[in-house]
Amino acid sequence: MKENILDVDNLHVSFKTRNGEITAVKGVSFSLKKGETLAIVGESGSGKSVTAKSIMRLLPKHSAVIPQGEIKFEGQDLLELSLKDMQQVRGSKISMVFQDPMTSLNPTMKIGKQIMEGLKKHQTLTKSEARQRALEMLELVGIPNAKKRLDAYPHQFSGGMRQRVVIAMALACIPQVLIADEPTTALDVTIQAQILQLMKNLQEKMDTAIVLITHDLGVVANMADKVAVMYAGEVVEYGTLDEIFYETQHPYTLGLLGSMPNLNAKRSEPLIPIPGSPPDLATLGTGCPFAARCPYTMAVCHDYHPRKTELSESHSVLCWLQDSRTPENHAPETVGSAQR
Amino acid sequence: MKKNEDLLVINDLKKHFKINKKDTLKAVDGISFTIKKGETLGLVGESGCGKSTVGRTISQIYEPTSGEILFEHEDVHGKFSKAEVKQKKRDIQMIFQDPYSSLNPRLTVMEIISEGLVIHTPDASVKEREQQVNELLELVGLNKSHSGRYPHEFSGGQRQRIGIARALAVNPQFIVADEPIAALDVSIQAQIVNLLKTLQEEKELTYLFIAHDLSMVKYISDRIAVMYLGRIVELTDSENLYENPMHPYSEALLSAIPLPDPKMERSRVQILLKGDVPSPIDIPSGCRFHTRCPRAMDICSKLDPAFVERQPGHFVACHLHDEEVMAAEKNEWGSVSV
């Protein structure tokens, strides 16, 4: 058994706003082993990017507060590190790839220099060694004519190529954890397929653990070992890839799967959308935040927040349907089975 | 006009943009298709393939460089009196991709939706107009208490519903929907697709549905056209495209969609295309796809394949399905091996 490399435990994040404090992440816990991929799935506003940014300690200092929780990396709580120590971790042991490859590169700097920046900071390399390493990285991520391209500017690359450069930059110091926040959302499908394949190949070579943040369940099925489904700041279902897709428990996960088109389905089968829209985090009540949109709501859901139910060692769900106190006949047939 | 008659006929449409003295960007470079009354045609392709330009040229935002767009047998870009132009613009409406930038932030929902009504039915009283807007809001799944609010008070999905209500306000026959769901969350996408389908049945609308997401397109389209670098490379029934894609580009596009099913993801073989889409300023010779095509032959870089009906209702532009070309290729190959 490999040891856990990253352990997030009961993480809470709130933001101070003019209308009072808003809790964007509420008690998120997950763990990650070497070489493993964890996908965090959820809609906009579910708190998935905030979770990622708190691991990197990239949240805005003046407005974000982390009142509770631990983020353990190699046994050390990242939240307790000084800013200087955190800089040693960021970019070298844990690095991040963002959604938009244009805004995450400096437009006025040659890409070779941008890749070397991190290398020079974190490793004792001379300039020419760093340049050599940057060249190797560009070749590794499949940039043709890499030697010449070291001296090109970001605007001279296409979207897919830019994302390759960003990945090269993130992996240059061979980090143990790579956080990828919607890395392929801005790309076309054929380019997305290339980038996902590249990430998988590099992960095998470097044994990097990946936290993949996405809203696309297709990408999840392609990449992940474990999945955390987030809704309104909470992990509502957590399990292995097969548990999430074939033994789905939470009505929200079921809803997400049902609203995804299935290529093999006939056209006449209608899509089953989740009614309504995600809740406003500022006005959440005491009950389950999904209750208003849930097709299986019971009276208890509106007033009391569900407790986490462990279904197996790896599979847990935050829903009243699976609670031991709920009479059994309440769970609808579709829950807990492969729907399709 | 009755159902199943050709509502829109596009003949050899071209739209070129002059960039500087030397270069022209050939966004749309000779495409032809028809859309029947009550039908939905899906138009898919990667970014930069010209799909939005087609939509905008049909909605008269752009003037075509050449070719014609016949709507109810009349060229929409022809010479008409002011009243006729007004009617034509009314018949073709558009829904945009970005529900944030396509609504004026300084207008209330009432003002946004009634803008078209003010122009096209100037005789109606304010009360009648309000009544109409309220009906429209209910039609798209909002309620009339929303009419006094501003766009920023709504979520992305709700804004897209406002955009749809605005398009429907003037009773159009034909709607160009340019990536109407691309900016929305998955659970909301399905809501909007279902709404568009219901509205189509109720109001006998005809859609051109532009998208890059092949999986959603199937649910709404009767037929699908696949575009690559300014040309349509394949056009057929939507289910047939998924079961029997004939163009290697359509095959690759379909195989690149990540499926929300881990078992299928593990077992299937993906066709990975090499490189990026070439620039529409400097289009490759012969078949435009030959630089990335996994099945390219010698002839592909020399001869531009014609867009031909290879099976009933199934159009494709590829040499692989041209028996004459394939026979010649075989002979050449045969003579080399002997």
# chains A, B, ... in the order shown; residues from 1 in each chain; ligands from 1
>>> interface_residues(of="chain A", to="chain B", cutoff="6 Å", atoms="only C-alpha atoms", output="PyMOL selection string")
chain A and resi 43+188-190+193+217-219+221-222+259+261+267+273-274
>>> write_last_selection(atoms="N, CA and C atoms", output="CSV table (one decimal), in the first residue's frame")
chain,number,residue,atom,x,y,z
A,43,GLU,N,-20.6,21.8,-10.2
A,43,GLU,CA,-21.0,22.9,-11.0
A,43,GLU,C,-20.3,24.2,-10.6
A,188,ASP,N,-10.6,22.6,-27.8
A,188,ASP,CA,-11.5,21.8,-28.6
A,188,ASP,C,-11.4,20.3,-28.3
A,189,VAL,N,-12.4,19.5,-28.6
A,189,VAL,CA,-12.4,18.1,-28.2
A,189,VAL,C,-11.2,17.3,-28.7
A,190,THR,N,-10.7,17.6,-29.9
A,190,THR,CA,-9.6,16.8,-30.5
A,190,THR,C,-8.3,17.1,-29.7
A,193,ALA,N,-8.4,15.6,-26.1
A,193,ALA,CA,-8.0,14.2,-26.1
A,193,ALA,C,-6.5,14.2,-26.1
A,217,LEU,N,-18.1,14.9,-16.7
A,217,LEU,CA,-18.0,13.6,-16.2
A,217,LEU,C,-17.3,12.6,-17.2
A,218,GLY,N,-17.3,13.0,-18.5
A,218,GLY,CA,-16.6,12.2,-19.5
A,218,GLY,C,-15.1,12.3,-19.2
A,219,VAL,N,-14.6,13.4,-18.9
A,219,VAL,CA,-13.2,13.6,-18.6
A,219,VAL,C,-12.8,12.8,-17.3
A,221,ALA,N,-14.4,10.0,-16.2
A,221,ALA,CA,-14.4,8.6,-16.5
A,221,ALA,C,-13.0,8.2,-17.2
A,222,ASN,N,-12.5,9.2,-18.0
A,222,ASN,CA,-11.3,8.9,-18.7
A,222,ASN,C,-10.0,8.9,-17.8
A,259,SER,N,-28.2,14.0,-16.8
A,259,SER,CA,-28.3,15.1,-17.7
A,259,SER,C,-27.1,15.1,-18.7
A,261,PRO,N,-25.5,13.7,-22.0
A,261,PRO,CA,-25.9,12.9,-23.1
A,261,PRO,C,-25.1,11.6,-23.2
A,267,ARG,N,-32.1,9.2,-29.9
A,267,ARG,CA,-32.4,10.6,-29.8
A,267,ARG,C,-33.7,10.9,-29.1
A,273,PRO,N,-32.9,16.7,-17.0
A,273,PRO,CA,-32.1,17.8,-16.3
A,273,PRO,C,-32.5,17.8,-14.8
A,274,ILE,N,-31.6,18.4,-14.0
A,274,ILE,CA,-31.9,18.7,-12.6
A,274,ILE,C,-32.7,20.0,-12.6
>>> residues_around(residues="Ile174 in chain A", least_positions_apart="6", cutoff="8 Å", atoms="only C-alpha atoms", output="MDAnalysis selection string")
chainID A and resid 92:93 206 208
>>> write_last_selection(atoms="C-alpha atoms", output="PDB file, in the first residue's frame")
ATOM      1  CA  SER A  92       8.273  22.662  -6.814  1.00  0.00           C
ATOM      2  CA  LYS A  93       6.476  19.979  -4.809  1.00  0.00           C
ATOM      3  CA  MET A 206       6.851  10.794 -12.948  1.00  0.00           C
ATOM      4  CA  THR A 208       2.748  12.369  -9.883  1.00  0.00           C
TER       5      THR A 208
END
>>> residues_around(residues="range 67-83 of chain B", least_positions_apart="3", cutoff="12 Å", atoms="only C-alpha atoms", output="MDAnalysis selection string")
chainID B and resid 1:2 5:16 28:37 54:64 86:92 119:120 173:174 206
>>> residues_around(residues="Val229 in chain A", least_positions_apart="2", cutoff="9 Å", atoms="only C-alpha atoms", output="PDB file with N, CA and C atoms, in the first residue's frame")
ATOM      1  N   ALA A  39     -10.540  13.139  -8.985  1.00  0.00           N
ATOM      2  CA  ALA A  39     -11.297  14.154  -9.706  1.00  0.00           C
ATOM      3  C   ALA A  39     -12.258  14.830  -8.745  1.00  0.00           C
ATOM      4  N   ILE A  40     -12.284  16.160  -8.764  1.00  0.00           N
ATOM      5  CA  ILE A  40     -13.298  16.892  -8.018  1.00  0.00           C
ATOM      6  C   ILE A  40     -14.298  17.423  -9.038  1.00  0.00           C
ATOM      7  N   VAL A  41     -15.539  16.959  -8.933  1.00  0.00           N
ATOM      8  CA  VAL A  41     -16.569  17.320  -9.901  1.00  0.00           C
ATOM      9  C   VAL A  41     -17.597  18.224  -9.247  1.00  0.00           C
ATOM     10  N   GLY A  42     -18.111  19.160  -9.987  1.00  0.00           N
ATOM     11  CA  GLY A  42     -19.169  19.995  -9.439  1.00  0.00           C
ATOM     12  C   GLY A  42     -19.471  21.117 -10.405  1.00  0.00           C
ATOM     13  N   VAL A 227     -13.188   9.836  -7.080  1.00  0.00           N
ATOM     14  CA  VAL A 227     -14.003  10.992  -7.431  1.00  0.00           C
ATOM     15  C   VAL A 227     -14.624  11.597  -6.181  1.00  0.00           C
ATOM     16  N   TYR A 231     -21.137  19.780  -3.999  1.00  0.00           N
ATOM     17  CA  TYR A 231     -22.338  20.582  -4.202  1.00  0.00           C
ATOM     18  C   TYR A 231     -22.432  21.596  -3.069  1.00  0.00           C
ATOM     19  N   GLU A 234     -19.810  21.326  -0.274  1.00  0.00           N
ATOM     20  CA  GLU A 234     -19.594  20.076   0.454  1.00  0.00           C
ATOM     21  C   GLU A 234     -19.324  18.936  -0.514  1.00  0.00           C
ATOM     22  N   VAL A 235     -18.563  17.936  -0.041  1.00  0.00           N
ATOM     23  CA  VAL A 235     -18.416  16.714  -0.826  1.00  0.00           C
ATOM     24  C   VAL A 235     -19.645  15.869  -0.528  1.00  0.00           C
ATOM     25  N   VAL A 236     -20.545  15.731  -1.504  1.00  0.00           N
ATOM     26  CA  VAL A 236     -21.783  15.001  -1.232  1.00  0.00           C
ATOM     27  C   VAL A 236     -21.617  13.509  -1.497  1.00  0.00           C
ATOM     28  N   GLU A 237     -20.656  13.166  -2.362  1.00  0.00           N
ATOM     29  CA  GLU A 237     -20.383  11.745  -2.565  1.00  0.00           C
ATOM     30  C   GLU A 237     -18.916  11.573  -2.894  1.00  0.00           C
ATOM     31  N   TYR A 238     -18.313  10.529  -2.334  1.00  0.00           N
ATOM     32  CA  TYR A 238     -16.880  10.314  -2.475  1.00  0.00           C
ATOM     33  C   TYR A 238     -16.653   8.830  -2.642  1.00  0.00           C
ATOM     34  N   GLY A 239     -15.938   8.425  -3.678  1.00  0.00           N
ATOM     35  CA  GLY A 239     -15.705   6.994  -3.860  1.00  0.00           C
ATOM     36  C   GLY A 239     -14.771   6.719  -5.015  1.00  0.00           C
ATOM     37  N   ILE A 244     -18.692   5.539  -8.043  1.00  0.00           N
ATOM     38  CA  ILE A 244     -19.445   6.739  -8.388  1.00  0.00           C
ATOM     39  C   ILE A 244     -20.319   6.515  -9.628  1.00  0.00           C
ATOM     40  N   TYR A 252     -27.875  13.911  -6.390  1.00  0.00           N
ATOM     41  CA  TYR A 252     -27.223  14.922  -7.228  1.00  0.00           C
ATOM     42  C   TYR A 252     -26.295  14.268  -8.242  1.00  0.00           C
ATOM     43  N   THR A 253     -25.524  13.273  -7.818  1.00  0.00           N
ATOM     44  CA  THR A 253     -24.666  12.551  -8.748  1.00  0.00           C
ATOM     45  C   THR A 253     -25.509  11.869  -9.820  1.00  0.00           C
TER      46      THR A 253
END
>>> residues_around(residues="Lys127 in chain A", least_positions_apart="5", cutoff="9 Å", atoms="only C-alpha atoms", output="NGL selection string")
:A and (116 or 120 or 132)
>>> closest_residue(among="B:Arg223, B:Pro105, B:Asp298, B:Phe307", to="Ala328 in chain B", atoms="only C-alpha atoms")
B:Asp298
>>> select_by_dssp(residues="range 216-321 of chain A", states="alpha helix (DSSP H)", output="mmCIF file with C-alpha atoms, in the first residue's frame")
data_model
loop_
_atom_site.group_PDB
_atom_site.id
_atom_site.type_symbol
_atom_site.label_atom_id
_atom_site.label_comp_id
_atom_site.auth_asym_id
_atom_site.auth_seq_id
_atom_site.Cartn_x
_atom_site.Cartn_y
_atom_site.Cartn_z
ATOM 1 C CA LEU A 217 -18.022 13.557 -16.212
ATOM 2 C CA GLY A 218 -16.595 12.240 -19.479
ATOM 3 C CA VAL A 219 -13.161 13.582 -18.573
ATOM 4 C CA VAL A 220 -13.577 12.064 -15.105
ATOM 5 C CA ALA A 221 -14.352 8.620 -16.535
ATOM 6 C CA ASN A 222 -11.268 8.911 -18.718
ATOM 7 C CA MET A 223 -8.788 10.049 -16.062
ATOM 8 C CA LEU A 241 -14.466 5.739 -10.120
ATOM 9 C CA ASP A 242 -16.611 2.618 -10.463
ATOM 10 C CA GLU A 243 -18.482 3.263 -7.228
ATOM 11 C CA ILE A 244 -19.445 6.739 -8.388
ATOM 12 C CA PHE A 245 -20.543 5.671 -11.861
ATOM 13 C CA TYR A 246 -22.040 2.258 -11.212
ATOM 14 C CA PRO A 251 -29.414 12.047 -6.033
ATOM 15 C CA TYR A 252 -27.223 14.922 -7.228
ATOM 16 C CA THR A 253 -24.666 12.551 -8.748
ATOM 17 C CA LEU A 254 -27.544 10.641 -10.337
ATOM 18 C CA GLY A 255 -28.868 13.916 -11.706
ATOM 19 C CA LEU A 256 -25.501 14.855 -13.172
ATOM 20 C CA LEU A 257 -25.172 11.471 -14.864
ATOM 21 C CA GLY A 258 -28.740 11.701 -16.155
ATOM 22 C CA SER A 259 -28.263 15.111 -17.704
ATOM 23 C CA ALA A 299 -39.637 16.027 5.186
ATOM 24 C CA VAL A 300 -36.419 15.689 7.148
ATOM 25 C CA CYS A 301 -34.269 17.027 4.269
ATOM 26 C CA HIS A 302 -35.586 20.578 4.515
ATOM 27 C CA ASP A 303 -34.772 21.124 8.161
#
>>> select_by_dssp(residues="range 125-293 of chain A", states="strand (DSSP E or B)", output="list in words")
Val177, Leu178, Ile179, Ala180, Asp181, Ala209, Ile210, Val211, Leu212, Ile213, Thr214, Lys226, Val227, Ala228, Val229, Met230, Tyr231, Glu234, Val235, Val236, Glu237, Tyr238, Gly239 and Thr240 of chain A
>>> residues_around(residues="Leu284 in chain A", least_positions_apart="5", cutoff="10 Å", atoms="only C-alpha atoms", output="list of chain:residue names")
A:Ile22, A:Thr23, A:Ala232, A:Pro279, A:Pro289
>>> write_last_selection(atoms="C-alpha atoms", output="tab-separated table (two decimals), in the first residue's frame")
chain	number	residue	atom	x	y	z
A	22	ILE	CA	-20.09	33.29	2.95
A	23	THR	CA	-18.83	29.77	3.52
A	232	ALA	CA	-22.71	23.93	-2.42
A	279	PRO	CA	-28.44	27.58	-4.31
A	289	PRO	CA	-28.67	22.32	0.28
>>> atom_distance(atom1="CA of Phe17 in chain B", atom2="CA of Leu208 in chain B")
22.7 Å
>>> residues_around(residues="Val166 in chain A", least_positions_apart="5", cutoff="9 Å", atoms="only C-alpha atoms", output="number ranges by chain")
A: 97-98, 101, 104-105, 115, 161, 171
>>> atom_distance(atom1="CA of Pro154 in chain A", atom2="CA of Ser279 in chain B")
17.0 Å
>>> atom_distance(atom1="CA of Leu117 in chain B", atom2="CA of Ala167 in chain B")
10.5 Å
